[in-house]
$ cat coords.pdb   # PDB, C-alpha atoms
ATOM      1  CA  MET E  14     -38.101  42.711 -64.720
ATOM      2  CA  LEU E  15     -41.513  41.154 -64.330
ATOM      3  CA  THR E  16     -43.151  41.006 -60.926
ATOM      4  CA  LYS E  17     -44.076  37.748 -59.196
ATOM      5  CA  LYS E  18     -47.723  38.362 -59.990
ATOM      6  CA  GLN E  19     -47.030  39.036 -63.656
ATOM      7  CA  LEU E  20     -44.997  35.831 -63.958
ATOM      8  CA  PHE E  21     -47.659  33.790 -62.170
ATOM      9  CA  THR E  22     -50.350  35.192 -64.493
ATOM     10  CA  ARG E  23     -48.187  34.542 -67.524
ATOM     11  CA  GLY E  24     -47.814  30.911 -66.416
ATOM     12  CA  MET E  25     -51.576  30.601 -65.991
ATOM     13  CA  LEU E  26     -52.162  32.033 -69.464
ATOM     14  CA  ASP E  27     -49.490  29.861 -71.072
ATOM     15  CA  ILE E  28     -50.955  26.591 -69.792
ATOM     16  CA  SER E  29     -54.665  27.421 -70.028
ATOM     17  CA  PRO E  30     -55.129  26.408 -73.720
ATOM     18  CA  HIS E  31     -54.149  22.873 -72.671
ATOM     19  CA  MET E  32     -57.165  22.755 -70.334
ATOM     20  CA  LEU E  33     -59.225  22.148 -73.478
ATOM     21  CA  SER E  34     -57.877  18.584 -73.415
ATOM     22  CA  VAL E  35     -57.115  18.233 -69.691
ATOM     23  CA  ILE E  36     -60.654  18.967 -68.431
ATOM     24  CA  PRO E  37     -62.507  16.357 -70.553
ATOM     25  CA  PHE E  38     -59.746  13.857 -69.708
ATOM     26  CA  GLY E  39     -60.160  14.612 -65.987
ATOM     27  CA  ILE E  40     -63.916  14.099 -66.191
ATOM     28  CA  ILE E  41     -63.389  10.750 -67.953
ATOM     29  CA  CYS E  42     -60.785   9.803 -65.343
ATOM     30  CA  GLY E  43     -63.145  10.504 -62.415
ATOM     31  CA  ALA E  44     -66.086   8.776 -64.089
ATOM     32  CA  ILE E  45     -64.079   5.619 -64.890
ATOM     33  CA  GLY E  46     -63.158   5.228 -61.218
ATOM     34  CA  VAL E  47     -66.779   5.227 -60.119
ATOM     35  CA  GLU E  48     -67.886   3.028 -63.051
ATOM     36  CA  LEU E  49     -65.293   0.428 -62.082
ATOM     37  CA  GLY E  50     -66.981   0.299 -58.677
ATOM     38  CA  PHE E  51     -64.414   2.048 -56.500
ATOM     39  CA  ASN E  52     -65.236   4.179 -53.474
ATOM     40  CA  PRO E  53     -65.720   7.730 -54.792
ATOM     41  CA  TYR E  54     -63.749   9.254 -51.912
ATOM     42  CA  LEU E  55     -60.757   7.082 -52.765
ATOM     43  CA  VAL E  56     -61.092   7.918 -56.466
ATOM     44  CA  TYR E  57     -60.893  11.594 -55.582
ATOM     45  CA  ALA E  58     -58.051  11.015 -53.106
ATOM     46  CA  MET E  59     -55.958   9.906 -56.084
ATOM     47  CA  SER E  60     -56.288  13.318 -57.753
ATOM     48  CA  PHE E  61     -55.044  14.990 -54.607
ATOM     49  CA  ILE E  62     -52.371  12.512 -53.528
ATOM     50  CA  ILE E  63     -51.035  11.155 -56.840
ATOM     51  CA  PHE E  64     -52.040  14.095 -59.093
ATOM     52  CA  GLY E  65     -50.988  12.371 -62.291
ATOM     53  CA  GLY E  66     -53.552  11.992 -65.106
ATOM     54  CA  ALA E  67     -52.779   8.848 -67.069
ATOM     55  CA  SER E  68     -51.182   7.076 -64.101
ATOM     56  CA  GLN E  69     -54.458   7.363 -62.138
ATOM     57  CA  ILE E  70     -56.407   5.602 -64.899
ATOM     58  CA  VAL E  71     -53.793   2.855 -65.134
ATOM     59  CA  PHE E  72     -53.886   2.430 -61.337
ATOM     60  CA  LEU E  73     -57.682   1.987 -61.401
ATOM     61  CA  GLN E  74     -57.664  -0.335 -64.383
ATOM     62  CA  LEU E  75     -54.938  -2.575 -62.985
ATOM     63  CA  LEU E  76     -56.655  -2.920 -59.602
ATOM     64  CA  SER E  77     -60.067  -3.572 -61.133
ATOM     65  CA  GLY E  78     -58.440  -6.175 -63.394
ATOM     66  CA  GLY E  79     -57.256  -8.050 -60.292
ATOM     67  CA  ALA E  80     -53.632  -6.899 -60.210
ATOM     68  CA  SER E  81     -51.941  -6.708 -56.796
ATOM     69  CA  SER E  82     -51.428  -3.334 -55.104
ATOM     70  CA  LEU E  83     -47.692  -3.818 -55.517
ATOM     71  CA  VAL E  84     -48.025  -4.108 -59.293
ATOM     72  CA  ALA E  85     -50.374  -1.115 -59.456
ATOM     73  CA  VAL E  86     -48.151   1.100 -57.272
ATOM     74  CA  THR E  87     -45.014   0.096 -59.212
ATOM     75  CA  SER E  88     -46.728   0.942 -62.500
ATOM     76  CA  VAL E  89     -47.686   4.392 -61.240
ATOM     77  CA  GLY E  90     -44.074   4.995 -60.166
ATOM     78  CA  ILE E  91     -42.709   3.895 -63.548
ATOM     79  CA  ILE E  92     -45.235   5.905 -65.579
ATOM     80  CA  ASN E  93     -44.421   9.005 -63.553
ATOM     81  CA  SER E  94     -40.647   8.450 -63.633
ATOM     82  CA  ARG E  95     -40.575  10.779 -66.667
ATOM     83  CA  HIS E  96     -40.800  13.628 -64.118
ATOM     84  CA  LEU E  97     -37.170  12.853 -63.245
ATOM     85  CA  LEU E  98     -36.233  14.165 -66.686
ATOM     86  CA  TYR E  99     -38.382  17.271 -66.267
ATOM     87  CA  GLY E 100     -36.771  17.903 -62.874
ATOM     88  CA  ALA E 101     -33.279  17.564 -64.335
ATOM     89  CA  VAL E 102     -34.127  20.241 -66.914
ATOM     90  CA  LEU E 103     -35.878  22.553 -64.440
ATOM     91  CA  SER E 104     -33.232  22.253 -61.700
ATOM     92  CA  GLU E 105     -31.051  24.673 -63.656
ATOM     93  CA  TYR E 106     -33.646  27.423 -63.244
ATOM     94  CA  LEU E 107     -34.695  26.576 -59.694
ATOM     95  CA  GLU E 108     -31.281  26.152 -58.089
ATOM     96  CA  LYS E 109     -31.404  29.463 -56.204
ATOM     97  CA  LEU E 110     -34.570  28.530 -54.312
ATOM     98  CA  SER E 111     -34.458  27.331 -50.718
ATOM     99  CA  PHE E 112     -34.791  23.600 -50.076
ATOM    100  CA  ILE E 113     -38.307  24.029 -48.657
ATOM    101  CA  LYS E 114     -39.473  25.983 -51.705
ATOM    102  CA  LYS E 115     -38.022  23.297 -53.959
ATOM    103  CA  LEU E 116     -39.949  20.646 -52.015
ATOM    104  CA  LEU E 117     -43.215  22.603 -52.352
ATOM    105  CA  ILE E 118     -42.869  23.548 -56.001
ATOM    106  CA  SER E 119     -42.118  19.921 -56.935
ATOM    107  CA  TYR E 120     -45.696  18.883 -56.140
ATOM    108  CA  VAL E 121     -47.096  20.922 -59.045
ATOM    109  CA  VAL E 122     -44.656  19.852 -61.787
ATOM    110  CA  VAL E 123     -46.791  18.350 -64.580
ATOM    111  CA  ASP E 124     -46.191  17.536 -68.260
ATOM    112  CA  GLN E 125     -47.817  20.573 -69.849
ATOM    113  CA  GLY E 126     -46.593  22.912 -67.089
ATOM    114  CA  PHE E 127     -43.031  21.709 -67.550
ATOM    115  CA  ALA E 128     -43.316  22.133 -71.331
ATOM    116  CA  GLU E 129     -44.708  25.664 -71.247
ATOM    117  CA  SER E 130     -42.563  26.916 -68.349
ATOM    118  CA  ASN E 131     -39.427  25.455 -69.931
ATOM    119  CA  LYS E 132     -40.182  27.338 -73.162
ATOM    120  CA  PHE E 133     -40.663  30.521 -71.147
ATOM    121  CA  PHE E 134     -37.496  29.952 -69.063
ATOM    122  CA  LYS E 135     -35.332  29.532 -72.160
ATOM    123  CA  LYS E 136     -36.401  32.930 -73.489
ATOM    124  CA  ASN E 137     -36.331  34.787 -70.132
ATOM    125  CA  ARG E 138     -33.296  33.403 -68.299
ATOM    126  CA  THR E 139     -32.550  36.648 -66.501
ATOM    127  CA  GLU E 140     -35.890  37.066 -64.702
ATOM    128  CA  GLU E 141     -35.422  36.950 -60.934
ATOM    129  CA  TYR E 142     -38.672  35.231 -59.947
ATOM    130  CA  LEU E 143     -38.835  32.739 -62.847
ATOM    131  CA  HIS E 144     -40.257  30.027 -60.591
ATOM    132  CA  TYR E 145     -43.534  31.952 -60.302
ATOM    133  CA  HIS E 146     -44.201  31.021 -63.917
ATOM    134  CA  LEU E 147     -43.903  27.341 -62.979
ATOM    135  CA  ILE E 148     -46.156  27.882 -59.950
ATOM    136  CA  GLY E 149     -48.678  29.536 -62.294
ATOM    137  CA  THR E 150     -48.740  26.647 -64.764
ATOM    138  CA  GLY E 151     -48.762  24.035 -61.990
ATOM    139  CA  CYS E 152     -51.508  25.638 -59.881
ATOM    140  CA  THR E 153     -53.744  26.148 -62.921
ATOM    141  CA  MET E 154     -53.364  22.484 -63.798
ATOM    142  CA  TRP E 155     -53.957  21.455 -60.173
ATOM    143  CA  VAL E 156     -57.194  23.420 -59.800
ATOM    144  CA  CYS E 157     -58.576  22.284 -63.178
ATOM    145  CA  TRP E 158     -57.627  18.670 -62.510
ATOM    146  CA  GLN E 159     -59.326  18.635 -59.069
ATOM    147  CA  ILE E 160     -62.518  20.205 -60.447
ATOM    148  CA  ALA E 161     -62.590  18.000 -63.561
ATOM    149  CA  THR E 162     -62.055  14.689 -61.758
ATOM    150  CA  LEU E 163     -64.529  15.679 -59.020
ATOM    151  CA  SER E 164     -67.166  16.505 -61.660
ATOM    152  CA  GLY E 165     -66.584  13.130 -63.298
ATOM    153  CA  ILE E 166     -66.944  11.372 -59.935
ATOM    154  CA  ILE E 167     -70.127  13.225 -58.959
ATOM    155  CA  LEU E 168     -71.900  13.541 -62.300
ATOM    156  CA  GLY E 169     -70.600  10.407 -64.038
ATOM    157  CA  SER E 170     -69.384  10.422 -67.612
ATOM    158  CA  PHE E 171     -71.531  13.273 -68.926
ATOM    159  CA  VAL E 172     -69.020  13.682 -71.729
ATOM    160  CA  PRO E 173     -70.389  11.395 -74.479
ATOM    161  CA  GLU E 174     -67.984   8.515 -75.072
ATOM    162  CA  GLU E 175     -68.609   8.613 -78.842
ATOM    163  CA  LEU E 176     -66.737  11.917 -79.031
ATOM    164  CA  GLY E 177     -63.504  10.056 -78.281
ATOM    165  CA  LEU E 178     -62.159  12.953 -76.231
ATOM    166  CA  LYS E 179     -59.221  10.909 -74.973
ATOM    167  CA  PHE E 180     -57.785  11.704 -78.405
ATOM    168  CA  ALA E 181     -57.361  15.326 -77.233
ATOM    169  CA  ILE E 182     -54.413  14.204 -75.064
ATOM    170  CA  PRO E 183     -52.047  13.264 -77.933
ATOM    171  CA  LEU E 184     -53.252  16.431 -79.711
ATOM    172  CA  THR E 185     -52.253  18.634 -76.756
ATOM    173  CA  PHE E 186     -48.750  17.167 -76.849
ATOM    174  CA  ILE E 187     -48.560  17.580 -80.634
ATOM    175  CA  ALA E 188     -49.198  21.297 -80.020
ATOM    176  CA  ILE E 189     -46.237  21.329 -77.600
ATOM    177  CA  VAL E 190     -43.607  19.727 -79.869
ATOM    178  CA  VAL E 191     -44.832  20.749 -83.337
ATOM    179  CA  GLN E 192     -42.589  23.805 -83.694
ATOM    180  CA  ASP E 193     -39.513  21.646 -83.102
ATOM    181  CA  LEU E 194     -40.310  19.794 -86.341
ATOM    182  CA  LYS E 195     -38.353  22.604 -87.996
ATOM    183  CA  LYS E 196     -35.138  21.129 -86.613
ATOM    184  CA  LEU E 197     -33.915  17.890 -88.171
ATOM    185  CA  ASP E 198     -32.133  16.701 -85.016
ATOM    186  CA  HIS E 199     -35.332  17.098 -82.995
ATOM    187  CA  VAL E 200     -37.332  15.270 -85.672
ATOM    188  CA  ILE E 201     -34.941  12.315 -85.462
ATOM    189  CA  VAL E 202     -35.195  12.269 -81.649
ATOM    190  CA  MET E 203     -39.020  12.459 -81.780
ATOM    191  CA  ILE E 204     -39.332   9.638 -84.317
ATOM    192  CA  THR E 205     -36.926   7.492 -82.289
ATOM    193  CA  CYS E 206     -39.014   8.025 -79.157
ATOM    194  CA  GLY E 207     -42.332   7.483 -80.937
ATOM    195  CA  LEU E 208     -41.313   4.285 -82.700
ATOM    196  CA  SER E 209     -39.678   2.940 -79.510
ATOM    197  CA  SER E 210     -42.873   3.603 -77.572
ATOM    198  CA  LEU E 211     -44.848   1.486 -80.054
ATOM    199  CA  LEU E 212     -42.187  -1.223 -80.100
ATOM    200  CA  PHE E 213     -41.994  -1.469 -76.304
ATOM    201  CA  PHE E 214     -45.672  -0.801 -75.643
ATOM    202  CA  ASP E 215     -46.190  -4.256 -74.145
ATOM    203  CA  ALA E 216     -43.161  -4.056 -71.850
ATOM    204  CA  PRO E 217     -44.109  -4.754 -68.199
ATOM    205  CA  PHE E 218     -45.391  -1.964 -65.879
ATOM    206  CA  LYS E 219     -45.990   0.434 -68.819
ATOM    207  CA  SER E 220     -42.242   0.985 -68.846
ATOM    208  CA  TYR E 221     -42.338   2.040 -72.519
ATOM    209  CA  ILE E 222     -43.005   5.538 -71.201
ATOM    210  CA  ILE E 223     -39.489   5.786 -69.746
ATOM    211  CA  ILE E 224     -37.627   3.268 -71.965
ATOM    212  CA  SER E 225     -38.370   5.216 -75.153
ATOM    213  CA  PRO E 226     -37.230   8.642 -73.837
ATOM    214  CA  VAL E 227     -33.991   7.053 -72.612
ATOM    215  CA  ILE E 228     -33.368   5.540 -76.071
ATOM    216  CA  ALA E 229     -34.250   8.872 -77.700
ATOM    217  CA  LEU E 230     -31.849  10.770 -75.412
ATOM    218  CA  PHE E 231     -29.056   8.342 -76.342
ATOM    219  CA  VAL E 232     -29.770   9.137 -79.984
ATOM    220  CA  ALA E 233     -29.709  12.848 -79.094
ATOM    221  CA  ALA E 234     -26.277  12.386 -77.482
ATOM    222  CA  LEU E 235     -25.017  10.644 -80.642
ATOM    223  CA  LEU E 236     -26.385  13.472 -82.802
ATOM    224  CA  LEU E 237     -24.594  16.053 -80.653
ATOM    225  CA  ARG E 238     -21.349  14.156 -81.138
ATOM    226  CA  LEU E 239     -21.853  14.041 -84.917
ATOM    227  CA  LYS E 240     -22.552  17.776 -85.034
ATOM    228  CA  LYS E 241     -19.096  18.612 -83.684
TER     229      LYS E 241
ATOM    230  CA  MET S  12     -58.075  -0.031 -53.724
ATOM    231  CA  THR S  13     -56.955   1.088 -50.291
ATOM    232  CA  LEU S  14     -55.922   4.502 -49.030
ATOM    233  CA  ALA S  15     -52.540   2.983 -48.161
ATOM    234  CA  SER S  16     -51.895   1.972 -51.776
ATOM    235  CA  ILE S  17     -52.875   5.443 -53.007
ATOM    236  CA  ILE S  18     -50.530   7.053 -50.502
ATOM    237  CA  ALA S  19     -47.708   4.708 -51.559
ATOM    238  CA  ALA S  20     -48.312   5.614 -55.219
ATOM    239  CA  GLY S  21     -48.504   9.291 -54.277
ATOM    240  CA  ILE S  22     -45.225   9.273 -52.356
ATOM    241  CA  LEU S  23     -43.517   7.472 -55.246
ATOM    242  CA  THR S  24     -44.899  10.023 -57.712
ATOM    243  CA  TYR S  25     -43.855  12.926 -55.497
ATOM    244  CA  PHE S  26     -40.309  11.541 -55.368
ATOM    245  CA  THR S  27     -40.155  11.411 -59.168
ATOM    246  CA  ARG S  28     -41.053  15.120 -59.188
ATOM    247  CA  MET S  29     -38.883  16.228 -56.295
ATOM    248  CA  THR S  30     -35.660  14.199 -56.632
ATOM    249  CA  MET S  31     -33.978  16.038 -59.493
ATOM    250  CA  ILE S  32     -35.228  19.470 -58.427
ATOM    251  CA  ALA S  33     -34.344  19.340 -54.737
ATOM    252  CA  LEU S  34     -31.553  16.804 -54.403
ATOM    253  CA  ILE S  35     -29.406  17.472 -57.479
ATOM    254  CA  SER S  36     -27.387  20.659 -57.781
ATOM    255  CA  ARG S  37     -26.506  22.184 -61.110
ATOM    256  CA  ASP S  38     -22.816  21.483 -60.727
ATOM    257  CA  MET S  39     -23.500  17.756 -60.634
ATOM    258  CA  LEU S  40     -24.628  17.881 -64.259
ATOM    259  CA  GLY S  41     -21.846  18.412 -66.802
ATOM    260  CA  ASP S  42     -22.140  20.527 -69.944
ATOM    261  CA  LYS S  43     -22.587  17.438 -72.120
ATOM    262  CA  ILE S  44     -25.528  16.222 -70.041
ATOM    263  CA  LYS S  45     -27.089  19.686 -70.124
ATOM    264  CA  ALA S  46     -26.808  19.738 -73.919
ATOM    265  CA  VAL S  47     -28.582  16.374 -74.105
ATOM    266  CA  LEU S  48     -31.279  17.584 -71.678
ATOM    267  CA  GLU S  49     -32.214  20.255 -74.241
ATOM    268  CA  TYR S  50     -33.883  17.375 -76.085
ATOM    269  CA  VAL S  51     -36.086  16.235 -73.180
ATOM    270  CA  PRO S  52     -39.421  17.534 -74.598
ATOM    271  CA  SER S  53     -38.719  15.964 -78.001
ATOM    272  CA  ALA S  54     -37.538  12.750 -76.342
ATOM    273  CA  VAL S  55     -40.470  12.332 -73.923
ATOM    274  CA  PHE S  56     -43.718  13.626 -75.439
ATOM    275  CA  PRO S  57     -43.780  11.342 -78.529
ATOM    276  CA  ALA S  58     -44.056   8.444 -76.035
ATOM    277  CA  ILE S  59     -47.441   9.938 -75.098
ATOM    278  CA  ILE S  60     -48.402  11.010 -78.639
ATOM    279  CA  PHE S  61     -47.661   7.840 -80.639
ATOM    280  CA  PRO S  62     -49.486   5.284 -78.432
ATOM    281  CA  GLY S  63     -52.366   7.794 -78.074
ATOM    282  CA  ILE S  64     -52.822   7.694 -81.842
ATOM    283  CA  PHE S  65     -51.698   4.265 -83.024
ATOM    284  CA  ILE S  66     -52.847   2.023 -80.162
ATOM    285  CA  ASN S  67     -56.514   1.599 -79.255
ATOM    286  CA  ASP S  68     -58.176   1.093 -75.869
ATOM    287  CA  TYR S  69     -57.591  -2.655 -76.076
ATOM    288  CA  GLY S  70     -53.834  -2.298 -76.490
ATOM    289  CA  THR S  71     -53.672  -3.341 -80.159
ATOM    290  CA  PHE S  72     -52.550  -1.447 -83.252
ATOM    291  CA  ILE S  73     -55.169   0.533 -85.159
ATOM    292  CA  GLU S  74     -55.804   0.062 -88.894
ATOM    293  CA  MET S  75     -53.897   2.339 -91.234
ATOM    294  CA  ASN S  76     -57.163   4.004 -92.331
ATOM    295  CA  ASP S  77     -58.103   4.948 -88.751
ATOM    296  CA  PRO S  78     -59.536   8.497 -88.465
ATOM    297  CA  LYS S  79     -57.096   9.284 -85.631
ATOM    298  CA  ILE S  80     -54.161   9.219 -88.044
ATOM    299  CA  PHE S  81     -55.896  11.769 -90.257
ATOM    300  CA  GLY S  82     -56.855  13.918 -87.242
ATOM    301  CA  ALA S  83     -53.272  13.884 -85.970
ATOM    302  CA  LEU S  84     -51.886  14.878 -89.389
ATOM    303  CA  VAL S  85     -54.325  17.793 -89.609
ATOM    304  CA  ALA S  86     -53.307  18.847 -86.071
ATOM    305  CA  VAL S  87     -49.596  18.764 -87.024
ATOM    306  CA  ILE S  88     -50.171  20.909 -90.134
ATOM    307  CA  VAL S  89     -52.465  23.418 -88.400
ATOM    308  CA  GLY S  90     -50.163  23.572 -85.347
ATOM    309  CA  TYR S  91     -47.070  24.085 -87.447
ATOM    310  CA  PHE S  92     -48.463  27.082 -89.294
ATOM    311  CA  SER S  93     -50.778  28.617 -86.661
ATOM    312  CA  LYS S  94     -48.452  28.184 -83.635
ATOM    313  CA  ASN S  95     -51.702  28.144 -81.655
ATOM    314  CA  ILE S  96     -52.476  25.409 -79.104
ATOM    315  CA  ILE S  97     -56.264  25.717 -79.198
ATOM    316  CA  ALA S  98     -56.315  25.736 -83.011
ATOM    317  CA  THR S  99     -54.130  22.613 -83.031
ATOM    318  CA  ILE S 100     -56.351  20.655 -80.626
ATOM    319  CA  LEU S 101     -59.610  21.761 -82.266
ATOM    320  CA  ALA S 102     -58.323  21.069 -85.798
ATOM    321  CA  GLY S 103     -57.393  17.536 -84.778
ATOM    322  CA  LEU S 104     -60.674  16.874 -82.955
ATOM    323  CA  VAL S 105     -62.942  18.411 -85.609
ATOM    324  CA  SER S 106     -61.279  16.557 -88.490
ATOM    325  CA  TYR S 107     -61.502  13.333 -86.444
ATOM    326  CA  TRP S 108     -65.205  13.929 -85.728
ATOM    327  CA  PHE S 109     -65.845  14.811 -89.374
ATOM    328  CA  LEU S 110     -64.517  11.398 -90.374
ATOM    329  CA  ILE S 111     -66.295   9.326 -87.706
ATOM    330  CA  PHE S 112     -69.669  11.146 -87.771
ATOM    331  CA  VAL S 113     -69.980  12.285 -91.404
ATOM    332  CA  ILE S 114     -67.863  10.054 -93.631
ATOM    333  CA  PHE S 115     -67.830   6.689 -91.824
ATOM    334  CA  SER S 116     -71.257   6.879 -90.227
TER     335      SER S 116
END

$ encode --input "coords.pdb" --output "C-alpha cells"
Amino acid sequence: MLTKKQLFTRGMLDISPHMLSVIPFGIICGAIGVELGFNPYLVYAMSFIIFGGASQIVFLQLLSGGASSLVAVTSVGIINSRHLLYGAVLSEYLEKLSFIKKLLISYVVVDQGFAESNKFFKKNRTEEYLHYHLIGTGCTMWVCWQIATLSGIILGSFVPEELGLKFAIPLTFIAIVVQDLKKLDHVIVMITCGLSSLLFFDAPFKSYIIISPVIALFVAALLLRLKK
Amino acid sequence: MTLASIIAAGILTYFTRMTMIALISRDMLGDKIKAVLEYVPSAVFPAIIFPGIFINDYGTFIEMNDPKIFGALVAVIVGYFSKNIIATILAGLVSYWFLIFVIFS
C-alpha cells in the first residue's frame, strides 16, 4: 500500500515530462492575450477561472476577431466538453470519495493528468488513496500553467516564434497514445478520430473536438461487438 | 472581454469536469459502456494530434512535404521504442527544427 504522499509524488513525477510542452504553450498563451490588446489581469483570470489551455487561446482569438461573448463562451464549453469523457472513465476510481472531495478534485482534471493517472489507476486498482495520484498530476499542471501564463503576460513572448513550439502540444499527446499503436483495435479508433477531426475541423464552435471522439467511440463499440 | 464572460466560460468548463465525476455513480454505467470507455484516450487525443500537425495557424491544410509531418513520424517511432515522454517530444521538435533551420533555410 502506498501512502498518500507517495501517490501524490508519483502523480507529480508521471505528469512532469509533459511540462516540456505545457510551459512553452502557457507562455505563448499568456503573451497572445496581451498582444491582442486585452487587460492583463483578465488574461490571467482566465488561467485561474477557466484553466484550460487551448480553450483560452480560442476564447481570446474569437473575442478579438469580433465574435460575441455568447459565441466565445459556447466555444469554450464545447472544446472542454471532452472532460465529460475523462470524468466518465475516472468516476470508476473516485466513487468512494465524498461529494465535496469529488467537487474539489474535479477542478484539476486536465488532459495529460487524466491520461497519466488513468494509466496508473489501471495498473494499481487496489490502492486505497488512488485519488492522490490524480491530485498530484492536476496540481503540478495547475502550478506550471499559472506560472507559465503569468510569465507570458508579464514578459511577453520571450519564446521565439520561429521555434514553432506550439508543435510540442501534438507531440505530447503522441507520447501518451503511442504505446497503444501495438493494438489494432486502438489503431482503428485513433485513425477514425484523427480523420474525423480533419473532416469536421470547420464545424461551428470548434465542435470537431467532441464530434470526432464520439464517432471514434461508436467505432470502438462496433469493434467490441465484432470481437465477440 | 469581460470578467463576467470569463466566469461564465469557467463555470461551463468546471461543469464539464465535475458532472461525470460527482453526479454519475458507477452503477449507472453498464458493463458495455465501461468496455467502450476503455478506448477514451485513443478516441479523444487524436482530435488534438491530427489538427495540430495537419492544419496550420490559418485553419488550412498543410502541404504534404511540411516538416511537421516528418517531425511527428520521428516522434512516433522514437516514442514507440523508447517509451519515454521527453525523448518523444524532443525527437519530434529537434527533427522539425533540423528541417526548418538546416534543410529548408

$ closest_residue --input "coords.pdb" --among "E:Phe171, E:Phe112, E:Tyr54, E:Phe186" --to "E:Glu129" --atoms "all atoms listed in the file"
E:Phe186

$ resolve_selection --input "coords.pdb" --expression "the ChimeraX specification (/S :<7) & /E" --output "tab-separated table (two decimals) with C-alpha atoms, in the frame of the given file"
chain	number	residue	atom	x	y	z
E	30	PRO	CA	-55.13	26.41	-73.72
E	55	LEU	CA	-60.76	7.08	-52.76
E	59	MET	CA	-55.96	9.91	-56.08
E	62	ILE	CA	-52.37	12.51	-53.53
E	63	ILE	CA	-51.04	11.16	-56.84
E	76	LEU	CA	-56.66	-2.92	-59.60
E	82	SER	CA	-51.43	-3.33	-55.10
E	86	VAL	CA	-48.15	1.10	-57.27
E	89	VAL	CA	-47.69	4.39	-61.24
E	90	GLY	CA	-44.07	5.00	-60.17
E	93	ASN	CA	-44.42	9.01	-63.55
E	94	SER	CA	-40.65	8.45	-63.63
E	96	HIS	CA	-40.80	13.63	-64.12
E	97	LEU	CA	-37.17	12.85	-63.24
E	98	LEU	CA	-36.23	14.16	-66.69
E	100	GLY	CA	-36.77	17.90	-62.87
E	101	ALA	CA	-33.28	17.56	-64.33
E	102	VAL	CA	-34.13	20.24	-66.91
E	103	LEU	CA	-35.88	22.55	-64.44
E	104	SER	CA	-33.23	22.25	-61.70
E	105	GLU	CA	-31.05	24.67	-63.66
E	108	GLU	CA	-31.28	26.15	-58.09
E	112	PHE	CA	-34.79	23.60	-50.08
E	115	LYS	CA	-38.02	23.30	-53.96
E	116	LEU	CA	-39.95	20.65	-52.02
E	119	SER	CA	-42.12	19.92	-56.94
E	120	TYR	CA	-45.70	18.88	-56.14
E	122	VAL	CA	-44.66	19.85	-61.79
E	128	ALA	CA	-43.32	22.13	-71.33
E	180	PHE	CA	-57.78	11.70	-78.40
E	181	ALA	CA	-57.36	15.33	-77.23
E	183	PRO	CA	-52.05	13.26	-77.93
E	184	LEU	CA	-53.25	16.43	-79.71
E	185	THR	CA	-52.25	18.63	-76.76
E	186	PHE	CA	-48.75	17.17	-76.85
E	187	ILE	CA	-48.56	17.58	-80.63
E	188	ALA	CA	-49.20	21.30	-80.02
E	190	VAL	CA	-43.61	19.73	-79.87
E	191	VAL	CA	-44.83	20.75	-83.34
E	192	GLN	CA	-42.59	23.80	-83.69
E	199	HIS	CA	-35.33	17.10	-83.00
E	202	VAL	CA	-35.20	12.27	-81.65
E	203	MET	CA	-39.02	12.46	-81.78
E	206	CYS	CA	-39.01	8.02	-79.16
E	207	GLY	CA	-42.33	7.48	-80.94
E	210	SER	CA	-42.87	3.60	-77.57
E	211	LEU	CA	-44.85	1.49	-80.05
E	222	ILE	CA	-43.00	5.54	-71.20
E	225	SER	CA	-38.37	5.22	-75.15
E	226	PRO	CA	-37.23	8.64	-73.84
E	229	ALA	CA	-34.25	8.87	-77.70
E	230	LEU	CA	-31.85	10.77	-75.41
E	233	ALA	CA	-29.71	12.85	-79.09
E	234	ALA	CA	-26.28	12.39	-77.48

$ atom_distance --input "coords.pdb" --atom1 "atom CA of E:Ala58" --atom2 "atom CA of E:Thr162"
10.2 Å

$ resolve_selection --input "coords.pdb" --expression "the PyMOL selection byres ((chain E and resi 32) around 12)" --output "count of residues only"
34

$ atom_distance --input "coords.pdb" --atom1 "atom CA of E:Arg23" --atom2 "atom CA of E:Tyr99"
19.9 Å

$ atom_distance --input "coords.pdb" --atom1 "atom CA of E:Gly165" --atom2 "atom CA of E:Ala44"
4.5 Å

$ resolve_selection --input "coords.pdb" --expression "the PyMOL selection byres ((chain E and resi 218) around 12)" --output "JSON, numbers by chain"
{"E": [68, 71, 72, 75, 80, 83, 84, 85, 86, 87, 88, 89, 90, 91, 92, 93, 94, 213, 214, 215, 216, 217, 219, 220, 221, 222, 223, 224]}

$ closest_residue --input "coords.pdb" --among "E:Tyr57, E:Lys179, E:Leu239, E:Gly24" --to "E:Ser130" --atoms "all atoms listed in the file"
E:Gly24

$ build_atoms --input "coords.pdb" --residues "stretch 63-70 of chain S" --atoms "N, CA and C atoms" --output "PDB file, in the coordinates of the input"
ATOM      1  N   GLY S  63     -51.048   7.170 -78.105  1.00  0.00           N
ATOM      2  CA  GLY S  63     -52.366   7.794 -78.074  1.00  0.00           C
ATOM      3  C   GLY S  63     -53.045   7.795 -79.434  1.00  0.00           C
ATOM      4  N   ILE S  64     -52.249   7.718 -80.490  1.00  0.00           N
ATOM      5  CA  ILE S  64     -52.822   7.694 -81.842  1.00  0.00           C
ATOM      6  C   ILE S  64     -52.910   6.269 -82.373  1.00  0.00           C
ATOM      7  N   PHE S  65     -51.796   5.530 -82.289  1.00  0.00           N
ATOM      8  CA  PHE S  65     -51.698   4.265 -83.024  1.00  0.00           C
ATOM      9  C   PHE S  65     -52.161   3.042 -82.251  1.00  0.00           C
ATOM     10  N   ILE S  66     -52.437   3.191 -80.938  1.00  0.00           N
ATOM     11  CA  ILE S  66     -52.847   2.023 -80.162  1.00  0.00           C
ATOM     12  C   ILE S  66     -54.219   2.301 -79.554  1.00  0.00           C
ATOM     13  N   ASN S  67     -55.143   1.364 -79.728  1.00  0.00           N
ATOM     14  CA  ASN S  67     -56.514   1.599 -79.255  1.00  0.00           C
ATOM     15  C   ASN S  67     -56.676   1.222 -77.784  1.00  0.00           C
ATOM     16  N   ASP S  68     -57.903   1.343 -77.288  1.00  0.00           N
ATOM     17  CA  ASP S  68     -58.176   1.093 -75.869  1.00  0.00           C
ATOM     18  C   ASP S  68     -57.879  -0.345 -75.439  1.00  0.00           C
ATOM     19  N   TYR S  69     -57.817  -1.250 -76.424  1.00  0.00           N
ATOM     20  CA  TYR S  69     -57.591  -2.655 -76.076  1.00  0.00           C
ATOM     21  C   TYR S  69     -56.118  -3.039 -76.207  1.00  0.00           C
ATOM     22  N   GLY S  70     -55.267  -2.048 -76.450  1.00  0.00           N
ATOM     23  CA  GLY S  70     -53.834  -2.298 -76.490  1.00  0.00           C
ATOM     24  C   GLY S  70     -53.336  -2.896 -77.794  1.00  0.00           C
TER      25      GLY S  70
END
